[in-house]
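One structure below.
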Amino acid sequence: MFTPYERRQLRLIEEWFEQDDPQLARTLRSGPVKRTSAVPQSVVLAVAGSLGLLGIITGAFMLIFSALVAGTVAACMIVSRRKTDN
């Protein structure tokens, strides 16, 4: 994959990073941090709000109940995301 010369050069670069900026070296060594997207939570909240509004306007209990379920799901998604971020 790499020639001995390339491996030696990479090791020199790694040592330079460790001496010059140890925090950056630790961050690079641990790899990228993948964050979960907030889009699904936003979609579920929008659906819950729409169902709730439509349920209140039409007086349909099933729409209001569905909005409550969707709101609960959105709240669980938000809480679980905050736990994984910390």
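FYI, nothing fancy with the structure tokens labels: chains A, B, ... in order, residues from 1 per chain, ligands from 1 as they appear.
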
(Q) DSSP on the backbone: which residues in chain A end up as helix (DSSP H, G or I)? Give the answer as a PyMOL selection string. (A) chain A and resi 4-20+22-30+39-58+61-85

Subject >> Residues within 8 Å of Leu45 of chain A, only C-alpha atoms, excluding chain neighbours under 4 positions, as a PyMOL selection string >> reply: chain A and resi 41+49+70-71+74

inquiry  = Need to verify the contact set: Ser50 of chain A, 10 Å, only C-alpha atoms, exclusion of same-chain residues closer than 5 positions in sequence. Can you return it as a ChimeraX atom specification?
reply    = /A:44-45,55-56,63-64,67

Store the residues picked out above in a file with C-alpha atoms, as a PDB file, in the first residue's frame.
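Output file again_28.pdb is given in full below:
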ATOM      1  CA  VAL A  44     -42.292  14.590  13.031  1.00  0.00           C
ATOM      2  CA  LEU A  45     -42.906  17.855  14.894  1.00  0.00           C
ATOM      3  CA  GLY A  55     -57.924  17.966  14.479  1.00  0.00           C
ATOM      4  CA  ILE A  56     -58.870  21.105  16.389  1.00  0.00           C
ATOM      5  CA  LEU A  63     -56.515  13.524  14.431  1.00  0.00           C
ATOM      6  CA  ILE A  64     -55.925  15.052  17.858  1.00  0.00           C
ATOM      7  CA  ALA A  67     -51.024  14.507  16.922  1.00  0.00           C
TER       8      ALA A  67
END

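The gap separating atom CA of Leu53 of chain A from atom CA of Leu68 of chain A is 11.3 Å, in Å to one decimal.
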
Requested in this report: Find the spatial neighbours of Met77 of chain A, counting only C-alpha atoms, within a cut-off of 12 Å - ignore same-chain residues fewer than 2 positions away - and output them as an MDAnalysis selection string.
Outcome: chainID A and resid 36:45 70:75 79:84
